[in-house]
Each structure stands twice: as structure tokens, then as C-alpha cells.
file entry05.cif (mmCIF, N, CA and C atoms and all ligand atoms)
data_target
#
loop_
_atom_site.label_atom_id
_atom_site.label_comp_id
_atom_site.auth_asym_id
_atom_site.auth_seq_id
_atom_site.Cartn_x
_atom_site.Cartn_y
_atom_site.Cartn_z
N MET A 1 132.88 112.60 117.10
CA MET A 1 132.47 113.41 115.91
C MET A 1 131.15 112.86 115.37
N THR A 2 130.19 113.74 115.10
CA THR A 2 128.87 113.24 114.70
C THR A 2 128.68 113.26 113.19
N PHE A 3 129.53 112.46 112.52
CA PHE A 3 129.26 112.15 111.11
C PHE A 3 129.66 110.70 110.88
N GLU A 4 129.19 110.16 109.76
CA GLU A 4 129.41 108.75 109.51
C GLU A 4 129.49 108.55 108.00
N LEU A 5 130.37 107.67 107.55
CA LEU A 5 130.41 107.32 106.13
C LEU A 5 129.63 106.02 105.96
N VAL A 6 128.54 106.08 105.21
CA VAL A 6 127.62 104.94 105.11
C VAL A 6 127.81 104.26 103.75
N ASP A 7 127.90 102.93 103.75
CA ASP A 7 127.98 102.15 102.50
C ASP A 7 126.58 101.77 102.07
N PHE A 8 126.17 102.19 100.88
CA PHE A 8 124.84 101.83 100.39
C PHE A 8 124.92 100.52 99.61
N PRO A 9 123.93 99.64 99.77
CA PRO A 9 123.91 98.43 98.94
C PRO A 9 123.64 98.78 97.48
N ILE A 10 124.38 98.15 96.58
CA ILE A 10 124.23 98.41 95.14
C ILE A 10 123.44 97.27 94.51
N HIS A 11 122.39 97.64 93.76
CA HIS A 11 121.65 96.65 92.98
C HIS A 11 122.25 96.70 91.58
N GLY A 12 123.29 95.92 91.39
CA GLY A 12 123.99 96.01 90.10
C GLY A 12 123.79 94.75 89.28
N ASN A 13 123.81 94.90 88.00
CA ASN A 13 123.87 93.75 87.10
C ASN A 13 124.64 94.18 85.85
N HIS A 14 124.59 93.40 84.79
CA HIS A 14 125.38 93.72 83.60
C HIS A 14 124.93 95.03 82.95
N ASP A 15 123.73 95.52 83.29
CA ASP A 15 123.24 96.78 82.71
C ASP A 15 123.80 98.00 83.44
N GLY A 16 124.32 97.81 84.64
CA GLY A 16 124.84 98.95 85.41
C GLY A 16 124.42 98.86 86.86
N ASN A 17 124.42 99.98 87.54
CA ASN A 17 124.19 99.99 88.99
C ASN A 17 123.00 100.86 89.37
N LEU A 18 122.39 100.51 90.47
CA LEU A 18 121.26 101.30 90.99
C LEU A 18 121.34 101.28 92.52
N ILE A 19 121.13 102.44 93.13
CA ILE A 19 121.06 102.52 94.59
C ILE A 19 119.72 103.14 94.97
N ALA A 20 119.04 102.49 95.89
CA ALA A 20 117.75 103.01 96.38
C ALA A 20 117.91 103.33 97.86
N LEU A 21 117.45 104.51 98.25
CA LEU A 21 117.55 104.90 99.66
C LEU A 21 116.15 105.10 100.22
N GLU A 22 115.89 104.45 101.33
CA GLU A 22 114.60 104.60 102.01
C GLU A 22 114.87 104.79 103.48
N LYS A 23 113.95 105.41 104.17
CA LYS A 23 114.13 105.55 105.61
C LYS A 23 114.29 104.16 106.25
N GLY A 24 115.35 104.00 107.03
CA GLY A 24 115.62 102.71 107.67
C GLY A 24 116.48 101.80 106.81
N HIS A 25 116.59 102.12 105.52
CA HIS A 25 117.45 101.35 104.61
C HIS A 25 118.40 102.33 103.94
N GLY A 26 119.45 102.68 104.64
CA GLY A 26 120.42 103.63 104.11
C GLY A 26 120.19 105.04 104.58
N LEU A 27 118.95 105.34 104.93
CA LEU A 27 118.64 106.71 105.37
C LEU A 27 118.07 106.70 106.79
N PRO A 28 118.69 107.42 107.72
CA PRO A 28 118.21 107.40 109.10
C PRO A 28 117.10 108.39 109.42
N PHE A 29 116.63 109.16 108.41
CA PHE A 29 115.60 110.17 108.70
C PHE A 29 114.63 110.27 107.51
N ASP A 30 113.48 110.90 107.77
CA ASP A 30 112.53 111.20 106.69
C ASP A 30 113.10 112.35 105.87
N VAL A 31 113.04 112.24 104.56
CA VAL A 31 113.59 113.29 103.70
C VAL A 31 112.51 114.33 103.41
N LYS A 32 112.83 115.61 103.71
CA LYS A 32 111.87 116.68 103.40
C LYS A 32 112.34 117.50 102.22
N ARG A 33 113.62 117.37 101.87
CA ARG A 33 114.18 118.26 100.83
C ARG A 33 115.36 117.56 100.18
N VAL A 34 115.47 117.77 98.86
CA VAL A 34 116.63 117.27 98.11
C VAL A 34 117.20 118.45 97.32
N TYR A 35 118.51 118.62 97.35
CA TYR A 35 119.13 119.62 96.48
C TYR A 35 120.43 119.07 95.92
N TYR A 36 120.88 119.63 94.83
CA TYR A 36 122.15 119.17 94.27
C TYR A 36 122.98 120.35 93.80
N ILE A 37 124.28 120.11 93.80
CA ILE A 37 125.27 121.16 93.57
C ILE A 37 126.22 120.68 92.49
N TRP A 38 126.44 121.49 91.48
CA TRP A 38 127.40 121.13 90.43
C TRP A 38 127.97 122.41 89.83
N GLY A 39 128.99 122.26 89.00
CA GLY A 39 129.57 123.42 88.31
C GLY A 39 130.32 124.35 89.26
N THR A 40 130.80 123.81 90.38
CA THR A 40 131.56 124.64 91.32
C THR A 40 133.03 124.66 90.91
N ARG A 41 133.64 125.84 90.90
CA ARG A 41 135.05 125.94 90.52
C ARG A 41 135.91 125.22 91.56
N PRO A 42 137.05 124.61 91.10
CA PRO A 42 137.83 123.70 91.96
C PRO A 42 138.21 124.26 93.32
N ASN A 43 138.64 125.52 93.38
CA ASN A 43 139.20 126.02 94.64
C ASN A 43 138.22 126.81 95.51
N VAL A 44 136.98 126.86 95.07
CA VAL A 44 135.95 127.52 95.89
C VAL A 44 135.76 126.72 97.18
N VAL A 45 135.54 127.42 98.28
CA VAL A 45 135.21 126.74 99.54
C VAL A 45 133.74 127.05 99.86
N ARG A 46 132.90 126.04 99.82
CA ARG A 46 131.48 126.22 100.12
C ARG A 46 131.20 125.85 101.57
N GLY A 47 129.99 126.03 101.99
CA GLY A 47 129.62 125.67 103.36
C GLY A 47 130.00 126.78 104.32
N LYS A 48 130.96 126.50 105.18
CA LYS A 48 131.40 127.46 106.21
C LYS A 48 130.21 127.80 107.13
N HIS A 49 129.54 126.77 107.56
CA HIS A 49 128.43 126.94 108.50
C HIS A 49 128.15 125.61 109.20
N ALA A 50 127.31 125.68 110.23
CA ALA A 50 126.78 124.48 110.89
C ALA A 50 125.27 124.62 110.91
N HIS A 51 124.59 123.54 111.28
CA HIS A 51 123.13 123.59 111.40
C HIS A 51 122.71 123.24 112.82
N ARG A 52 121.71 123.93 113.31
CA ARG A 52 121.24 123.69 114.68
C ARG A 52 120.46 122.38 114.78
N LYS A 53 119.67 122.08 113.74
CA LYS A 53 118.77 120.92 113.83
C LYS A 53 118.94 119.95 112.64
N LEU A 54 119.24 120.51 111.48
CA LEU A 54 119.25 119.74 110.23
C LEU A 54 120.22 118.57 110.24
N GLU A 55 119.75 117.42 109.73
CA GLU A 55 120.62 116.28 109.44
C GLU A 55 120.61 116.06 107.94
N GLN A 56 121.75 115.63 107.39
CA GLN A 56 121.82 115.48 105.94
C GLN A 56 122.61 114.24 105.54
N MET A 57 122.24 113.68 104.40
CA MET A 57 123.02 112.62 103.76
C MET A 57 123.56 113.21 102.46
N VAL A 58 124.88 113.27 102.38
CA VAL A 58 125.54 113.88 101.22
C VAL A 58 126.10 112.76 100.34
N VAL A 59 125.76 112.79 99.05
CA VAL A 59 126.27 111.78 98.13
C VAL A 59 126.93 112.48 96.96
N CYS A 60 128.18 112.12 96.72
CA CYS A 60 128.88 112.66 95.55
C CYS A 60 128.56 111.70 94.40
N VAL A 61 127.54 112.03 93.61
CA VAL A 61 127.06 111.08 92.59
C VAL A 61 127.94 111.06 91.36
N SER A 62 128.79 112.08 91.19
CA SER A 62 129.74 112.11 90.08
C SER A 62 130.97 112.89 90.52
N GLY A 63 132.14 112.48 90.08
CA GLY A 63 133.37 113.22 90.37
C GLY A 63 133.77 113.11 91.83
N SER A 64 134.40 114.16 92.33
CA SER A 64 134.92 114.10 93.70
C SER A 64 135.00 115.48 94.33
N CYS A 65 135.07 115.49 95.65
CA CYS A 65 135.30 116.72 96.42
C CYS A 65 135.73 116.32 97.82
N ASP A 66 136.17 117.31 98.60
CA ASP A 66 136.59 117.05 99.98
C ASP A 66 135.68 117.79 100.95
N PHE A 67 135.24 117.09 101.98
CA PHE A 67 134.46 117.72 103.06
C PHE A 67 135.34 117.83 104.30
N ILE A 68 135.35 119.00 104.90
CA ILE A 68 136.05 119.19 106.18
C ILE A 68 134.96 119.34 107.23
N LEU A 69 135.03 118.48 108.25
CA LEU A 69 133.99 118.45 109.29
C LEU A 69 134.64 118.75 110.63
N ASP A 70 133.95 119.56 111.41
CA ASP A 70 134.55 120.11 112.62
C ASP A 70 133.47 120.15 113.70
N ASP A 71 133.74 119.50 114.84
CA ASP A 71 132.74 119.51 115.93
C ASP A 71 133.06 120.56 116.98
N GLY A 72 134.00 121.44 116.66
CA GLY A 72 134.39 122.49 117.61
C GLY A 72 135.63 122.12 118.39
N ALA A 73 135.95 120.80 118.40
CA ALA A 73 137.15 120.35 119.11
C ALA A 73 138.12 119.66 118.15
N LYS A 74 137.56 119.05 117.12
CA LYS A 74 138.36 118.23 116.22
C LYS A 74 137.91 118.46 114.78
N ARG A 75 138.87 118.46 113.84
CA ARG A 75 138.60 118.65 112.43
C ARG A 75 138.99 117.40 111.67
N GLU A 76 138.12 116.91 110.77
CA GLU A 76 138.48 115.75 109.96
C GLU A 76 138.11 116.03 108.51
N MET A 77 138.89 115.43 107.59
CA MET A 77 138.61 115.60 106.17
C MET A 77 138.10 114.28 105.59
N VAL A 78 137.05 114.35 104.79
CA VAL A 78 136.52 113.15 104.13
C VAL A 78 136.52 113.41 102.63
N HIS A 79 137.17 112.52 101.89
CA HIS A 79 137.20 112.63 100.43
C HIS A 79 136.03 111.83 99.87
N LEU A 80 135.17 112.48 99.10
CA LEU A 80 134.01 111.79 98.51
C LEU A 80 134.25 111.60 97.02
N ASP A 81 134.19 110.36 96.55
CA ASP A 81 134.40 110.10 95.11
C ASP A 81 133.64 108.86 94.65
N ASN A 82 132.61 108.48 95.44
CA ASN A 82 131.95 107.21 95.15
C ASN A 82 130.45 107.34 95.42
N PRO A 83 129.60 107.14 94.40
CA PRO A 83 128.15 107.32 94.61
C PRO A 83 127.53 106.26 95.50
N SER A 84 128.30 105.22 95.86
CA SER A 84 127.72 104.20 96.75
C SER A 84 128.05 104.49 98.22
N LYS A 85 128.60 105.67 98.48
CA LYS A 85 128.88 106.05 99.87
C LYS A 85 128.15 107.34 100.22
N GLY A 86 127.58 107.39 101.39
CA GLY A 86 126.89 108.60 101.83
C GLY A 86 127.58 109.17 103.06
N LEU A 87 127.72 110.47 103.08
CA LEU A 87 128.28 111.14 104.26
C LEU A 87 127.10 111.65 105.08
N TYR A 88 126.87 111.00 106.22
CA TYR A 88 125.74 111.36 107.08
C TYR A 88 126.24 112.39 108.11
N ILE A 89 125.74 113.62 107.98
CA ILE A 89 126.18 114.69 108.89
C ILE A 89 125.02 115.06 109.81
N LYS A 90 125.23 114.85 111.09
CA LYS A 90 124.19 115.22 112.06
C LYS A 90 124.27 116.72 112.35
N HIS A 91 123.45 117.19 113.29
CA HIS A 91 123.43 118.62 113.57
C HIS A 91 124.69 119.04 114.35
N ASN A 92 124.89 120.35 114.43
CA ASN A 92 126.01 120.92 115.21
C ASN A 92 127.39 120.50 114.72
N ILE A 93 127.54 120.38 113.42
CA ILE A 93 128.86 120.10 112.82
C ILE A 93 129.16 121.21 111.82
N TRP A 94 130.28 121.86 112.01
CA TRP A 94 130.74 122.87 111.05
C TRP A 94 131.26 122.14 109.81
N ARG A 95 130.82 122.58 108.61
CA ARG A 95 131.29 121.93 107.39
C ARG A 95 131.79 122.95 106.39
N GLU A 96 132.86 122.53 105.71
CA GLU A 96 133.37 123.28 104.56
C GLU A 96 133.61 122.23 103.49
N PHE A 97 133.40 122.57 102.23
CA PHE A 97 133.73 121.60 101.18
C PHE A 97 134.33 122.29 99.98
N THR A 98 135.32 121.59 99.41
CA THR A 98 136.17 122.21 98.39
C THR A 98 136.83 121.13 97.53
N ASN A 99 137.77 121.57 96.69
CA ASN A 99 138.55 120.64 95.85
C ASN A 99 137.63 119.88 94.89
N PHE A 100 136.76 120.63 94.22
CA PHE A 100 135.75 120.03 93.35
C PHE A 100 136.36 119.62 92.01
N SER A 101 136.12 118.39 91.61
CA SER A 101 136.50 118.00 90.25
C SER A 101 135.52 118.65 89.26
N ASP A 102 135.92 118.76 87.99
CA ASP A 102 135.05 119.41 86.99
C ASP A 102 133.70 118.72 86.88
N ASP A 103 133.71 117.40 87.07
CA ASP A 103 132.47 116.62 86.90
C ASP A 103 131.74 116.37 88.23
N CYS A 104 132.11 117.14 89.25
CA CYS A 104 131.52 116.88 90.59
C CYS A 104 130.03 117.27 90.64
N VAL A 105 129.22 116.32 91.04
CA VAL A 105 127.80 116.59 91.32
C VAL A 105 127.50 116.03 92.70
N ILE A 106 127.03 116.89 93.60
CA ILE A 106 126.72 116.46 94.96
C ILE A 106 125.22 116.50 95.15
N MET A 107 124.67 115.39 95.59
CA MET A 107 123.23 115.36 95.90
C MET A 107 123.10 115.31 97.43
N VAL A 108 122.20 116.13 97.96
CA VAL A 108 122.03 116.17 99.42
C VAL A 108 120.57 115.88 99.77
N LEU A 109 120.38 114.92 100.66
CA LEU A 109 119.05 114.59 101.17
C LEU A 109 118.97 115.18 102.57
N ALA A 110 117.94 115.98 102.82
CA ALA A 110 117.89 116.76 104.05
C ALA A 110 116.66 116.42 104.88
N SER A 111 116.84 116.46 106.21
CA SER A 111 115.76 116.07 107.13
C SER A 111 114.75 117.20 107.36
N GLU A 112 115.09 118.43 106.91
CA GLU A 112 114.21 119.58 107.18
C GLU A 112 114.07 120.44 105.92
N TYR A 113 113.02 121.26 105.90
CA TYR A 113 112.88 122.25 104.83
C TYR A 113 113.95 123.33 105.00
N TYR A 114 114.21 124.07 103.95
CA TYR A 114 115.21 125.14 104.01
C TYR A 114 114.77 126.20 105.02
N ASP A 115 115.68 126.53 105.93
CA ASP A 115 115.36 127.52 106.96
C ASP A 115 116.65 128.24 107.36
N GLU A 116 116.77 129.47 106.94
CA GLU A 116 118.00 130.23 107.21
C GLU A 116 118.26 130.35 108.72
N ALA A 117 117.19 130.31 109.53
CA ALA A 117 117.37 130.43 110.98
C ALA A 117 118.08 129.22 111.58
N ASP A 118 118.14 128.13 110.82
CA ASP A 118 118.82 126.92 111.31
C ASP A 118 120.34 126.98 111.08
N TYR A 119 120.79 127.98 110.28
CA TYR A 119 122.21 128.08 109.95
C TYR A 119 122.97 128.84 111.04
N ILE A 120 124.16 128.35 111.38
CA ILE A 120 125.10 129.12 112.22
C ILE A 120 126.28 129.45 111.30
N ARG A 121 126.42 130.72 110.95
CA ARG A 121 127.42 131.09 109.94
C ARG A 121 128.67 131.73 110.56
N ASP A 122 128.67 131.86 111.88
CA ASP A 122 129.82 132.44 112.58
C ASP A 122 130.47 131.32 113.40
N TYR A 123 131.76 131.08 113.14
CA TYR A 123 132.44 129.94 113.78
C TYR A 123 132.46 130.07 115.30
N GLU A 124 132.64 131.27 115.81
CA GLU A 124 132.70 131.46 117.27
C GLU A 124 131.33 131.18 117.91
N VAL A 125 130.27 131.60 117.21
CA VAL A 125 128.91 131.32 117.70
C VAL A 125 128.67 129.81 117.70
N PHE A 126 129.12 129.16 116.62
CA PHE A 126 128.99 127.71 116.52
C PHE A 126 129.66 127.01 117.72
N LYS A 127 130.91 127.41 118.01
CA LYS A 127 131.65 126.77 119.10
C LYS A 127 130.93 126.97 120.44
N LYS A 128 130.40 128.16 120.61
CA LYS A 128 129.70 128.47 121.86
C LYS A 128 128.43 127.60 121.99
N GLU A 129 127.67 127.52 120.87
CA GLU A 129 126.43 126.73 120.90
C GLU A 129 126.72 125.23 121.06
N ALA A 130 127.89 124.80 120.52
CA ALA A 130 128.27 123.37 120.62
C ALA A 130 128.89 123.08 121.99
N GLY A 131 129.03 124.12 122.83
CA GLY A 131 129.57 123.93 124.17
C GLY A 131 131.08 123.75 124.19
N ARG A 132 131.77 124.30 123.16
CA ARG A 132 133.25 124.15 123.10
C ARG A 132 133.94 125.42 123.57
C1 LIG B 201 125.03 122.27 103.46
C2 LIG B 201 125.90 122.13 102.27
C3 LIG B 201 126.39 120.71 102.07
C4 LIG B 201 117.96 127.61 98.92
O1 LIG B 201 117.24 128.53 98.51
N1 LIG B 201 117.40 126.42 99.30
C5 LIG B 201 118.15 125.38 99.74
O2 LIG B 201 117.59 124.31 100.06
C6 LIG B 201 119.58 125.55 99.85
C7 LIG B 201 120.44 124.43 100.37
C8 LIG B 201 120.12 126.76 99.48
N2 LIG B 201 119.32 127.75 99.02
C9 LIG B 201 119.94 129.03 98.56
C10 LIG B 201 120.60 129.84 99.68
C11 LIG B 201 121.74 130.53 98.95
O3 LIG B 201 121.26 131.72 98.35
O4 LIG B 201 121.00 128.70 97.65
C12 LIG B 201 122.11 129.56 97.83
C13 LIG B 201 123.38 128.78 98.11
O5 LIG B 201 123.25 128.16 99.41
P1 LIG B 201 124.49 127.99 100.40
O6 LIG B 201 125.42 129.15 100.27
O7 LIG B 201 123.96 127.68 101.75
O8 LIG B 201 125.21 126.70 99.77
P2 LIG B 201 126.41 125.84 100.33
O9 LIG B 201 126.85 125.00 99.20
O10 LIG B 201 127.41 126.65 101.04
O11 LIG B 201 125.73 124.89 101.48
C14 LIG B 201 124.75 123.93 101.12
C15 LIG B 201 123.62 123.91 102.15
O12 LIG B 201 123.08 125.23 102.32
C16 LIG B 201 124.07 123.40 103.50
O13 LIG B 201 122.96 123.10 104.29
O14 LIG B 201 125.20 121.57 104.45
O15 LIG B 201 125.33 122.63 101.05
#

call {"tool": "encode", "arguments": {"input": "entry05.cif", "output": "C-alpha cells", "more": "lines below"}}
Ligand code: T46
result
Amino acid sequence: MTFELVDFPIHGNHDGNLIALEKGHGLPFDVKRVYYIWGTRPNVVRGKHAHRKLEQMVVCVSGSCDFILDDGAKREMVHLDNPSKGLYIKHNIWREFTNFSDDCVIMVLASEYYDEADYIRDYEVFKKEAGR
């Protein structure tokens, strides 16, 4: 399965915590785009697509949610509830995410600019392209 849960080093002291991400230090790619998601109702299921090229680092900076990741052969669920952990999702992985807490804020660092042509929104097409 081409995803990884990454532990970020925390620069913490009595004032609180800080995490810095740089290419090669927590981030495996150059960041071209950042977006964040909040205010999603608990039972909504977002995602339901894969990407042909895009790689992303997903950080749940507040609250919690569940990511379901699927490589066409196997499905795994990852619970995100810690801003010091990043979910690194490579290309060709079907993702769905749901079970949002009221205070859930997800920040996503992306390796490419937004491009609708990079999305695979049909599960059968995804499986075919992934060779499954
Ligand atoms: C992903 C998961 C984790 C833009 O205009 N620019 C952007 O950079 C993005 C990401 C979205 N949009 C527009 C496209 C749609 O009209 O925002 C709207 C919502 O996007 P979408 O339905 O794709 O959102 P999610 O939450 O299902 O998926 C997003 C990312 O699109 C996707 O790459 O992996 O978050």
C-alpha cells in the first residue's frame, strides 16, 4: 500500500508546540499547493477519488477524522487525530474520508497544482489504471 504515517519532530517548550516541514525534513516533495478543509458535517464522505500523479501530505491540525485508503486490492483505515503526524499518500490510491469531529481542520500539502485531469473519480477506472 502506498501510504505512510509520518511522525514530525516537535519543537516544543513551555510556550507550546511548533512543527516545521521542509522538503527532505518531514516532506518528501516540493510543495506547489496548500489547502485546508473544515466545517464538514460528521457523516459526510469526502474524496471518493484517486490521483494519477499527485502526492500529498495530509495533517489533521485540529480534531479528528478517518481516512480510508485503497490500492485496488486492499483497503485500510487510518484515524487522524494528532497534528504531529502526517499521512503521506502517493499517487494511484483511492481515498475516502469521513467521521469528522466538529473541530476537525485538515491541512493538505500537495506536490502539484490543482488539475481536474489528474483525478480519477470512477472506482472501476481507478482499478483498471492501477492494474487491478
Ligand atoms: C484529496 C482530498 C484529501 C479547488 O478549486 N482547488 C483545490 O486545490 C482543491 C483541492 C479543490 N478545489 C475545488 C474543487 C471542488 O469544486 O474545491 C471543491 C471541493 O473539492 P473536492 O470535492 O475535490 O474535495 P475533497 O475534499 O473531496 O478532496 C480534496 C482534494 O480534492 C483531493 O485531492 O486528496 O481533499

call {"tool": "residues_around", "arguments": {"input": "entry05.cif", "residues": "Phe3 (chain A)", "least_positions_apart": "3", "cutoff": "5 Å", "atoms": "all atoms listed in the file", "output": "ChimeraX atom specification"}}
result
/A:88-90

call {"tool": "residues_near_ligand", "arguments": {"input": "entry05.cif", "ligand": "ligand LIG 201 (chain B)", "cutoff": "6 Å", "atoms": "only C-alpha atoms and all ligand atoms", "output": "PyMOL selection string"}}
result
chain A and resi 46-47+114

call {"tool": "atom_distance", "arguments": {"input": "entry05.cif", "atom1": "atom C of Leu69 (chain A)", "atom2": "atom C of Ile10 (chain A)"}}
result
29.1 Å

call {"tool": "closest_residue", "arguments": {"input": "entry05.cif", "among": "A:Leu54, A:Val6, A:Val61, A:Ala73", "to": "Lys127 (chain A)", "atoms": "all atoms listed in the file"}}
result
A:Ala73

call {"tool": "atom_distance", "arguments": {"input": "entry05.cif", "atom1": "CA of Pro28 (chain A)", "atom2": "CA of Phe8 (chain A)"}}
result
12.3 Å

call {"tool": "atom_distance", "arguments": {"input": "entry05.cif", "atom1": "atom N of Ala117 (chain A)", "atom2": "atom N of Trp94 (chain A)"}}
result
15.8 Å

call {"tool": "closest_residue", "arguments": {"input": "entry05.cif", "among": "A:Ile37, A:Ala20, A:Met57, A:Cys65", "to": "Leu109 (chain A)", "atoms": "only N, CA and C atoms"}}
result
A:Met57

call {"tool": "select_by_dssp", "arguments": {"input": "entry05.cif", "residues": "chain A", "states": "helix (DSSP H, G or I)", "output": "PyMOL selection string"}}
result
chain A and resi 116-118+123-129

call {"tool": "residues_around", "arguments": {"input": "entry05.cif", "residues": "His49 (chain A)", "least_positions_apart": "4", "cutoff": "7 Å", "atoms": "only N, CA and C atoms", "output": "PDB file with N, CA and C atoms, keeping the file's coordinate frame"}}
result
ATOM      1  N   ILE A  93     127.540 120.380 113.420  1.00  0.00           N
ATOM      2  CA  ILE A  93     128.860 120.100 112.820  1.00  0.00           C
ATOM      3  C   ILE A  93     129.160 121.210 111.820  1.00  0.00           C
ATOM      4  N   TRP A  94     130.280 121.860 112.010  1.00  0.00           N
ATOM      5  CA  TRP A  94     130.740 122.870 111.050  1.00  0.00           C
ATOM      6  C   TRP A  94     131.260 122.140 109.810  1.00  0.00           C
ATOM      7  N   ARG A  95     130.820 122.580 108.610  1.00  0.00           N
ATOM      8  CA  ARG A  95     131.290 121.930 107.390  1.00  0.00           C
ATOM      9  C   ARG A  95     131.790 122.950 106.390  1.00  0.00           C
ATOM     10  N   GLU A  96     132.860 122.530 105.710  1.00  0.00           N
ATOM     11  CA  GLU A  96     133.370 123.280 104.560  1.00  0.00           C
ATOM     12  C   GLU A  96     133.610 122.230 103.490  1.00  0.00           C
ATOM     13  N   TYR A 119     120.790 127.980 110.280  1.00  0.00           N
ATOM     14  CA  TYR A 119     122.210 128.080 109.950  1.00  0.00           C
ATOM     15  C   TYR A 119     122.970 128.840 111.040  1.00  0.00           C
ATOM     16  N   ILE A 120     124.160 128.350 111.380  1.00  0.00           N
ATOM     17  CA  ILE A 120     125.100 129.120 112.220  1.00  0.00           C
ATOM     18  C   ILE A 120     126.280 129.450 111.300  1.00  0.00           C
ATOM     19  N   ARG A 121     126.420 130.720 110.950  1.00  0.00           N
ATOM     20  CA  ARG A 121     127.420 131.090 109.940  1.00  0.00           C
ATOM     21  C   ARG A 121     128.670 131.730 110.560  1.00  0.00           C
ATOM     22  N   ASP A 122     128.670 131.860 111.880  1.00  0.00           N
ATOM     23  CA  ASP A 122     129.820 132.440 112.580  1.00  0.00           C
ATOM     24  C   ASP A 122     130.470 131.320 113.400  1.00  0.00           C
TER      25      ASP A 122
END

call {"tool": "closest_residue", "arguments": {"input": "entry05.cif", "among": "A:Gly12, A:Val34, A:Asp102, A:Ile19", "to": "Ser84 (chain A)", "atoms": "only N, CA and C atoms"}}
result
A:Ile19

call {"tool": "closest_residue", "arguments": {"input": "entry05.cif", "among": "A:Val58, A:Val125, A:Val108, A:Ala130", "to": "Arg33 (chain A)", "atoms": "only C-alpha atoms"}}
result
A:Val108

call {"tool": "select_by_dssp", "arguments": {"input": "entry05.cif", "residues": "region 63-118 of chain A", "states": "strand (DSSP E or B)", "output": "count of residues only"}}
result
28

call {"tool": "closest_residue", "arguments": {"input": "entry05.cif", "among": "A:Ser62, A:Thr40, A:Gln56, A:Asn17", "to": "Asn92 (chain A)", "atoms": "only C-alpha atoms"}}
result
A:Gln56

call {"tool": "closest_residue", "arguments": {"input": "entry05.cif", "among": "A:Asp71, A:Glu116, A:Glu76, A:Asp15", "to": "Glu129 (chain A)", "atoms": "only C-alpha atoms"}}
result
A:Asp71

call {"tool": "decode", "arguments": {"input": "entry05.cif", "residues": "region 67-82 of chain A", "atoms": "N, CA and C atoms", "output": "short mmCIF file (atom, residue, chain, number, x, y, z; two decimals), in the first residue's frame"}}
result
data_model
loop_
_atom_site.label_atom_id
_atom_site.label_comp_id
_atom_site.auth_asym_id
_atom_site.auth_seq_id
_atom_site.Cartn_x
_atom_site.Cartn_y
_atom_site.Cartn_z
N PHE A 67 -9.49 8.32 7.47
CA PHE A 67 -9.18 8.17 6.05
C PHE A 67 -9.24 6.69 5.68
N ILE A 68 -9.94 6.39 4.61
CA ILE A 68 -9.95 5.03 4.08
C ILE A 68 -9.12 5.05 2.80
N LEU A 69 -8.11 4.20 2.76
CA LEU A 69 -7.17 4.18 1.63
C LEU A 69 -7.23 2.81 0.96
N ASP A 70 -7.22 2.83 -0.35
CA ASP A 70 -7.49 1.61 -1.11
C ASP A 70 -6.58 1.61 -2.33
N ASP A 71 -5.77 0.55 -2.48
CA ASP A 71 -4.88 0.47 -3.64
C ASP A 71 -5.46 -0.38 -4.76
N GLY A 72 -6.73 -0.71 -4.63
CA GLY A 72 -7.39 -1.54 -5.66
C GLY A 72 -7.44 -3.00 -5.27
N ALA A 73 -6.57 -3.37 -4.29
CA ALA A 73 -6.55 -4.76 -3.83
C ALA A 73 -6.87 -4.84 -2.34
N LYS A 74 -6.49 -3.79 -1.62
CA LYS A 74 -6.60 -3.80 -0.17
C LYS A 74 -7.09 -2.45 0.32
N ARG A 75 -7.93 -2.45 1.37
CA ARG A 75 -8.47 -1.23 1.96
C ARG A 75 -7.98 -1.11 3.39
N GLU A 76 -7.50 0.08 3.79
CA GLU A 76 -7.09 0.27 5.18
C GLU A 76 -7.66 1.58 5.68
N MET A 77 -7.93 1.63 7.00
CA MET A 77 -8.46 2.85 7.60
C MET A 77 -7.39 3.46 8.51
N VAL A 78 -7.21 4.77 8.42
CA VAL A 78 -6.26 5.47 9.28
C VAL A 78 -7.03 6.56 10.02
N HIS A 79 -6.94 6.53 11.35
CA HIS A 79 -7.60 7.56 12.17
C HIS A 79 -6.59 8.68 12.40
N LEU A 80 -6.95 9.89 12.03
CA LEU A 80 -6.05 11.04 12.22
C LEU A 80 -6.58 11.92 13.34
N ASP A 81 -5.76 12.15 14.36
CA ASP A 81 -6.21 12.99 15.49
C ASP A 81 -5.04 13.71 16.15
N ASN A 82 -3.92 13.83 15.39
CA ASN A 82 -2.71 14.36 16.02
C ASN A 82 -1.96 15.23 15.01
#
